[in-house]
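First the structure, in the form of structure tokens, and then the observations on it.
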Amino acid sequence: MASIEAMDFQIGKLLNSISKEDRENTIIIFMGDNGTEPIVTQDPYDKNQVKRSLYQGGINMPLFVSGKGVERKGSDNNLITSTDMFATIAEIAGVDIDEINDSKSFKSLFSEKKSIRKYQYTEMKNEKNDAWTISNGTYKLLVFADGEEEMYHLINDPYEKRNILNSALNTVEMKSKEALEAELLRIRN
């Protein structure tokens, strides 16, 4: 909590130090780090669901955009990845392209509500994890290198407490799993 308060204060100080003229020609993008350190984890997350994990507490991070041309306000749950910063900054800078490799610009969200991507993919390989995950915003499938799988309904279970693969899937869940698996296969091959 102290860290968040310090960041808020220091960012406010930085923004207040920019002249009005420069602020009118500046887009500010603030993206949080990927998760809380396990040692300071608080409910509703478990210690294994934060930094250095593929659970929402480790990969879902805040992103704030402010400045000239940013007309929309409020929250948006678009599927954006950190690589989308590359195409977005390029488009803001005047490059006439809205997608570079797997980076998709979200500049259009500054003024309109639309969907940027259908799936969000993340992978992780370190001393503790060798896994990948894919989400369509409603369902999320985690696949571990040892073959273990987990699947969550993020709308009903945003803190990933109930692995729906522990019981029989209904038709919608099965079709969603198949679609996630197909997209995962496309991305990984």
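Residues are named by chain letter and number: chains run A, B, ... in the order of the structure tokens, numbers start at 1 in each chain, and ligands are numbered from 1 in the order shown.
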Please identify all polymer residues within 10 Å of Met151 in chain A, counting only C-alpha atoms, omitting same-chain residues fewer than 2 positions from it, and present them as a PDB file with N, CA, C and O atoms, in the first residue's frame.
```pdb
ATOM      1  N   THR A 133      -0.680 -19.909 -21.056  1.00  0.00           N
ATOM      2  CA  THR A 133      -2.105 -19.703 -20.808  1.00  0.00           C
ATOM      3  C   THR A 133      -2.711 -18.887 -21.936  1.00  0.00           C
ATOM      4  O   THR A 133      -2.039 -18.085 -22.575  1.00  0.00           O
ATOM      5  N   ILE A 134      -3.990 -19.127 -22.153  1.00  0.00           N
ATOM      6  CA  ILE A 134      -4.726 -18.375 -23.156  1.00  0.00           C
ATOM      7  C   ILE A 134      -6.115 -18.077 -22.598  1.00  0.00           C
ATOM      8  O   ILE A 134      -6.707 -18.907 -21.907  1.00  0.00           O
ATOM      9  N   SER A 135      -6.598 -16.879 -22.894  1.00  0.00           N
ATOM     10  CA  SER A 135      -7.903 -16.451 -22.399  1.00  0.00           C
ATOM     11  C   SER A 135      -8.668 -15.764 -23.516  1.00  0.00           C
ATOM     12  O   SER A 135      -8.074 -15.090 -24.362  1.00  0.00           O
ATOM     13  N   TYR A 139     -13.227 -17.270 -20.485  1.00  0.00           N
ATOM     14  CA  TYR A 139     -12.574 -18.501 -20.045  1.00  0.00           C
ATOM     15  C   TYR A 139     -11.068 -18.375 -20.198  1.00  0.00           C
ATOM     16  O   TYR A 139     -10.581 -17.703 -21.108  1.00  0.00           O
ATOM     17  N   LYS A 140     -10.355 -19.038 -19.304  1.00  0.00           N
ATOM     18  CA  LYS A 140      -8.891 -19.032 -19.326  1.00  0.00           C
ATOM     19  C   LYS A 140      -8.412 -20.465 -19.136  1.00  0.00           C
ATOM     20  O   LYS A 140      -8.825 -21.154 -18.207  1.00  0.00           O
ATOM     21  N   LEU A 141      -7.525 -20.893 -20.035  1.00  0.00           N
ATOM     22  CA  LEU A 141      -6.946 -22.228 -19.983  1.00  0.00           C
ATOM     23  C   LEU A 141      -5.463 -22.106 -19.674  1.00  0.00           C
ATOM     24  O   LEU A 141      -4.745 -21.359 -20.346  1.00  0.00           O
ATOM     25  N   LEU A 142      -5.014 -22.812 -18.652  1.00  0.00           N
ATOM     26  CA  LEU A 142      -3.593 -22.899 -18.316  1.00  0.00           C
ATOM     27  C   LEU A 142      -3.116 -24.301 -18.666  1.00  0.00           C
ATOM     28  O   LEU A 142      -3.788 -25.280 -18.328  1.00  0.00           O
ATOM     29  N   VAL A 143      -1.977 -24.386 -19.337  1.00  0.00           N
ATOM     30  CA  VAL A 143      -1.396 -25.676 -19.700  1.00  0.00           C
ATOM     31  C   VAL A 143       0.032 -25.693 -19.194  1.00  0.00           C
ATOM     32  O   VAL A 143       0.818 -24.787 -19.488  1.00  0.00           O
ATOM     33  N   GLU A 149      -3.549 -29.414 -16.744  1.00  0.00           N
ATOM     34  CA  GLU A 149      -4.330 -28.297 -17.260  1.00  0.00           C
ATOM     35  C   GLU A 149      -5.263 -27.772 -16.189  1.00  0.00           C
ATOM     36  O   GLU A 149      -5.723 -28.525 -15.328  1.00  0.00           O
ATOM     37  N   HIS A 153     -13.488 -19.870 -15.293  1.00  0.00           N
ATOM     38  CA  HIS A 153     -14.491 -18.948 -15.833  1.00  0.00           C
ATOM     39  C   HIS A 153     -14.220 -17.614 -15.134  1.00  0.00           C
ATOM     40  O   HIS A 153     -14.596 -17.419 -13.978  1.00  0.00           O
ATOM     41  N   LEU A 154     -13.535 -16.704 -15.832  1.00  0.00           N
ATOM     42  CA  LEU A 154     -13.052 -15.472 -15.208  1.00  0.00           C
ATOM     43  C   LEU A 154     -14.164 -14.511 -14.793  1.00  0.00           C
ATOM     44  O   LEU A 154     -13.955 -13.709 -13.882  1.00  0.00           O
ATOM     45  N   GLU A 160      -9.717 -17.160  -9.715  1.00  0.00           N
ATOM     46  CA  GLU A 160      -9.298 -18.504 -10.110  1.00  0.00           C
ATOM     47  C   GLU A 160      -9.209 -19.475  -8.930  1.00  0.00           C
ATOM     48  O   GLU A 160      -8.192 -20.097  -8.676  1.00  0.00           O
ATOM     49  N   ARG A 162     -11.755 -21.926  -8.566  1.00  0.00           N
ATOM     50  CA  ARG A 162     -12.433 -23.171  -8.926  1.00  0.00           C
ATOM     51  C   ARG A 162     -12.055 -23.614 -10.337  1.00  0.00           C
ATOM     52  O   ARG A 162     -12.531 -23.071 -11.327  1.00  0.00           O
ATOM     53  N   ASN A 163     -11.167 -24.597 -10.410  1.00  0.00           N
ATOM     54  CA  ASN A 163     -10.748 -25.179 -11.681  1.00  0.00           C
ATOM     55  C   ASN A 163     -11.927 -25.985 -12.236  1.00  0.00           C
ATOM     56  O   ASN A 163     -12.273 -27.030 -11.706  1.00  0.00           O
ATOM     57  N   ILE A 164     -12.538 -25.502 -13.310  1.00  0.00           N
ATOM     58  CA  ILE A 164     -13.730 -26.180 -13.832  1.00  0.00           C
ATOM     59  C   ILE A 164     -13.397 -27.509 -14.495  1.00  0.00           C
ATOM     60  O   ILE A 164     -14.303 -28.299 -14.783  1.00  0.00           O
ATOM     61  N   LEU A 165     -12.124 -27.808 -14.701  1.00  0.00           N
ATOM     62  CA  LEU A 165     -11.751 -29.112 -15.247  1.00  0.00           C
ATOM     63  C   LEU A 165     -11.840 -30.210 -14.192  1.00  0.00           C
ATOM     64  O   LEU A 165     -11.718 -31.392 -14.502  1.00  0.00           O
ATOM     65  N   ASN A 166     -12.069 -29.833 -12.941  1.00  0.00           N
ATOM     66  CA  ASN A 166     -12.230 -30.824 -11.873  1.00  0.00           C
ATOM     67  C   ASN A 166     -13.604 -31.477 -11.891  1.00  0.00           C
ATOM     68  O   ASN A 166     -13.882 -32.354 -11.085  1.00  0.00           O
ATOM     69  N   GLU A 173     -18.766 -24.717 -21.988  1.00  0.00           N
ATOM     70  CA  GLU A 173     -17.403 -24.836 -21.466  1.00  0.00           C
ATOM     71  C   GLU A 173     -16.543 -25.701 -22.380  1.00  0.00           C
ATOM     72  O   GLU A 173     -15.383 -25.357 -22.662  1.00  0.00           O
ATOM     73  N   LYS A 177     -13.286 -24.480 -24.390  1.00  0.00           N
ATOM     74  CA  LYS A 177     -11.989 -25.147 -24.207  1.00  0.00           C
ATOM     75  C   LYS A 177     -11.405 -25.542 -25.555  1.00  0.00           C
ATOM     76  O   LYS A 177     -10.218 -25.330 -25.820  1.00  0.00           O
TER      77      LYS A 177
END
```
What's around Asp98 in chain A at 12 Å? Count only C-alpha atoms, leave out sequence neighbours fewer than 5 positions away in its own chain, and write the answer as JSON, numbers by chain.
{"A": [84, 85, 86, 87, 88, 89, 90, 91, 92, 93, 103, 104, 105, 106, 107, 108, 116]}
Students should find that CA of Val95 in chain A and CA of Ile59 in chain A are spaced 28.3 Å
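Looking only at range 55-176 of chain A, the set that DSSP places in helix (DSSP H, G or I) from backbone geometry is Gln56, Gly57, Gly58, Ile59, Asp84, Met85, Phe86, Ala87, Thr88, Ile89, Ala90, Glu91, Ile92, Lys107, Ser108, Leu109, Phe110, Ile164, Leu165, Asn166, Thr171, Val172, Glu173, Met174, Lys175 and Ser176 of chain A.
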Can I get the selected residues back with N, CA, C and O atoms, as an mmCIF file, in the first residue's frame?
```
data_model
loop_
_atom_site.group_PDB
_atom_site.id
_atom_site.type_symbol
_atom_site.label_atom_id
_atom_site.label_comp_id
_atom_site.auth_asym_id
_atom_site.auth_seq_id
_atom_site.Cartn_x
_atom_site.Cartn_y
_atom_site.Cartn_z
ATOM 1 N N GLN A 56 -4.220 -14.637 -12.805
ATOM 2 C CA GLN A 56 -4.562 -13.237 -13.038
ATOM 3 C C GLN A 56 -3.764 -12.285 -12.147
ATOM 4 O O GLN A 56 -3.419 -11.194 -12.569
ATOM 5 N N GLY A 57 -3.484 -12.683 -10.923
ATOM 6 C CA GLY A 57 -2.712 -11.837 -10.016
ATOM 7 C C GLY A 57 -1.275 -11.639 -10.445
ATOM 8 O O GLY A 57 -0.586 -10.754 -9.948
ATOM 9 N N GLY A 58 -0.801 -12.439 -11.385
ATOM 10 C CA GLY A 58 0.563 -12.310 -11.889
ATOM 11 C C GLY A 58 0.651 -11.738 -13.282
ATOM 12 O O GLY A 58 1.706 -11.273 -13.700
ATOM 13 N N ILE A 59 -0.444 -11.771 -14.041
ATOM 14 C CA ILE A 59 -0.371 -11.278 -15.422
ATOM 15 C C ILE A 59 -1.376 -10.169 -15.740
ATOM 16 O O ILE A 59 -1.234 -9.484 -16.739
ATOM 17 N N ASP A 84 1.613 -4.983 -26.832
ATOM 18 C CA ASP A 84 0.784 -4.023 -27.562
ATOM 19 C C ASP A 84 1.267 -2.589 -27.386
ATOM 20 O O ASP A 84 0.875 -1.702 -28.148
ATOM 21 N N MET A 85 2.119 -2.370 -26.409
ATOM 22 C CA MET A 85 2.691 -1.029 -26.221
ATOM 23 C C MET A 85 3.494 -0.605 -27.449
ATOM 24 O O MET A 85 3.468 0.566 -27.841
ATOM 25 N N PHE A 86 4.212 -1.551 -28.099
ATOM 26 C CA PHE A 86 5.064 -1.213 -29.244
ATOM 27 C C PHE A 86 4.253 -0.609 -30.382
ATOM 28 O O PHE A 86 4.570 0.483 -30.869
ATOM 29 N N ALA A 87 3.198 -1.297 -30.815
ATOM 30 C CA ALA A 87 2.380 -0.801 -31.924
ATOM 31 C C ALA A 87 1.626 0.470 -31.529
ATOM 32 O O ALA A 87 1.449 1.368 -32.348
ATOM 33 N N THR A 88 1.200 0.543 -30.279
ATOM 34 C CA THR A 88 0.457 1.718 -29.812
ATOM 35 C C THR A 88 1.338 2.958 -29.840
ATOM 36 O O THR A 88 0.949 4.001 -30.377
ATOM 37 N N ILE A 89 2.524 2.856 -29.283
ATOM 38 C CA ILE A 89 3.448 3.999 -29.268
ATOM 39 C C ILE A 89 3.854 4.372 -30.693
ATOM 40 O O ILE A 89 3.931 5.553 -31.035
ATOM 41 N N ALA A 90 4.059 3.371 -31.549
ATOM 42 C CA ALA A 90 4.394 3.662 -32.946
ATOM 43 C C ALA A 90 3.265 4.429 -33.626
ATOM 44 O O ALA A 90 3.514 5.425 -34.322
ATOM 45 N N GLU A 91 2.022 4.008 -33.396
ATOM 46 C CA GLU A 91 0.891 4.696 -34.019
ATOM 47 C C GLU A 91 0.732 6.108 -33.461
ATOM 48 O O GLU A 91 0.470 7.054 -34.216
ATOM 49 N N ILE A 92 0.927 6.285 -32.163
ATOM 50 C CA ILE A 92 0.864 7.623 -31.559
ATOM 51 C C ILE A 92 1.925 8.526 -32.197
ATOM 52 O O ILE A 92 1.686 9.698 -32.466
ATOM 53 N N LYS A 107 -4.546 2.273 -29.595
ATOM 54 C CA LYS A 107 -4.791 3.719 -29.690
ATOM 55 C C LYS A 107 -6.263 4.027 -29.969
ATOM 56 O O LYS A 107 -6.801 5.009 -29.463
ATOM 57 N N SER A 108 -6.935 3.183 -30.730
ATOM 58 C CA SER A 108 -8.352 3.420 -31.038
ATOM 59 C C SER A 108 -9.207 3.456 -29.776
ATOM 60 O O SER A 108 -10.254 4.109 -29.746
ATOM 61 N N LEU A 109 -8.754 2.794 -28.711
ATOM 62 C CA LEU A 109 -9.520 2.800 -27.459
ATOM 63 C C LEU A 109 -9.505 4.165 -26.779
ATOM 64 O O LEU A 109 -10.301 4.401 -25.872
ATOM 65 N N PHE A 110 -8.627 5.059 -27.206
ATOM 66 C CA PHE A 110 -8.603 6.405 -26.633
ATOM 67 C C PHE A 110 -9.916 7.125 -26.910
ATOM 68 O O PHE A 110 -10.316 7.998 -26.153
ATOM 69 N N ILE A 164 -12.538 -25.502 -13.310
ATOM 70 C CA ILE A 164 -13.730 -26.180 -13.832
ATOM 71 C C ILE A 164 -13.397 -27.509 -14.495
ATOM 72 O O ILE A 164 -14.303 -28.299 -14.783
ATOM 73 N N LEU A 165 -12.124 -27.808 -14.701
ATOM 74 C CA LEU A 165 -11.751 -29.112 -15.247
ATOM 75 C C LEU A 165 -11.840 -30.210 -14.192
ATOM 76 O O LEU A 165 -11.718 -31.392 -14.502
ATOM 77 N N ASN A 166 -12.069 -29.833 -12.941
ATOM 78 C CA ASN A 166 -12.230 -30.824 -11.873
ATOM 79 C C ASN A 166 -13.604 -31.477 -11.891
ATOM 80 O O ASN A 166 -13.882 -32.354 -11.085
ATOM 81 N N THR A 171 -21.694 -27.958 -22.295
ATOM 82 C CA THR A 171 -21.463 -27.761 -23.732
ATOM 83 C C THR A 171 -20.716 -26.463 -24.020
ATOM 84 O O THR A 171 -19.769 -26.448 -24.815
ATOM 85 N N VAL A 172 -21.111 -25.376 -23.383
ATOM 86 C CA VAL A 172 -20.453 -24.081 -23.608
ATOM 87 C C VAL A 172 -18.994 -24.140 -23.144
ATOM 88 O O VAL A 172 -18.091 -23.668 -23.843
ATOM 89 N N GLU A 173 -18.766 -24.717 -21.988
ATOM 90 C CA GLU A 173 -17.403 -24.836 -21.466
ATOM 91 C C GLU A 173 -16.543 -25.701 -22.380
ATOM 92 O O GLU A 173 -15.383 -25.357 -22.662
ATOM 93 N N MET A 174 -17.091 -26.804 -22.872
ATOM 94 C CA MET A 174 -16.344 -27.697 -23.767
ATOM 95 C C MET A 174 -15.991 -26.989 -25.070
ATOM 96 O O MET A 174 -14.857 -27.057 -25.541
ATOM 97 N N LYS A 175 -16.961 -26.285 -25.656
ATOM 98 C CA LYS A 175 -16.691 -25.556 -26.908
ATOM 99 C C LYS A 175 -15.656 -24.451 -26.675
ATOM 100 O O LYS A 175 -14.795 -24.212 -27.521
ATOM 101 N N SER A 176 -15.736 -23.792 -25.543
ATOM 102 C CA SER A 176 -14.768 -22.746 -25.215
ATOM 103 C C SER A 176 -13.372 -23.344 -25.047
ATOM 104 O O SER A 176 -12.389 -22.776 -25.530
#
```
From the set A:Asp22, A:Val40, A:Ala145, A:Leu184, which residue has the shortest atom-to-atom contact distance to Ser3 in chain A, counting only C-alpha atoms?
A:Val40
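Of the residues listed (A:Thr81, A:Phe64, A:Met7, A:Tyr152), A:Thr81 shows the shortest atom-to-atom separation from Asn34 in chain A; distances use only C-alpha atoms.
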Mind checking DSSP for range 37-159 of chain A and telling me the strand (DSSP E) residues as a ChimeraX atom specification?
/A:63-67,99-100,103-104,120-125,130-135,139-144,149-153
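For the residues A:Ile27, A:Val70, A:Leu169, A:Leu185, ranking by smallest atom-to-atom distance to Ser111 in chain A using only C-alpha atoms places A:Val70 first.
Ranking A:Ser17, A:Ile80, A:Tyr55, A:Glu37 by their shortest atom-to-atom distance to Ser115 in chain A, with only C-alpha atoms included, puts A:Ile80 first.
Taking CA of Gly67 in chain A as the reference point, CA of Thr36 in chain A is found at 27.8 Å.
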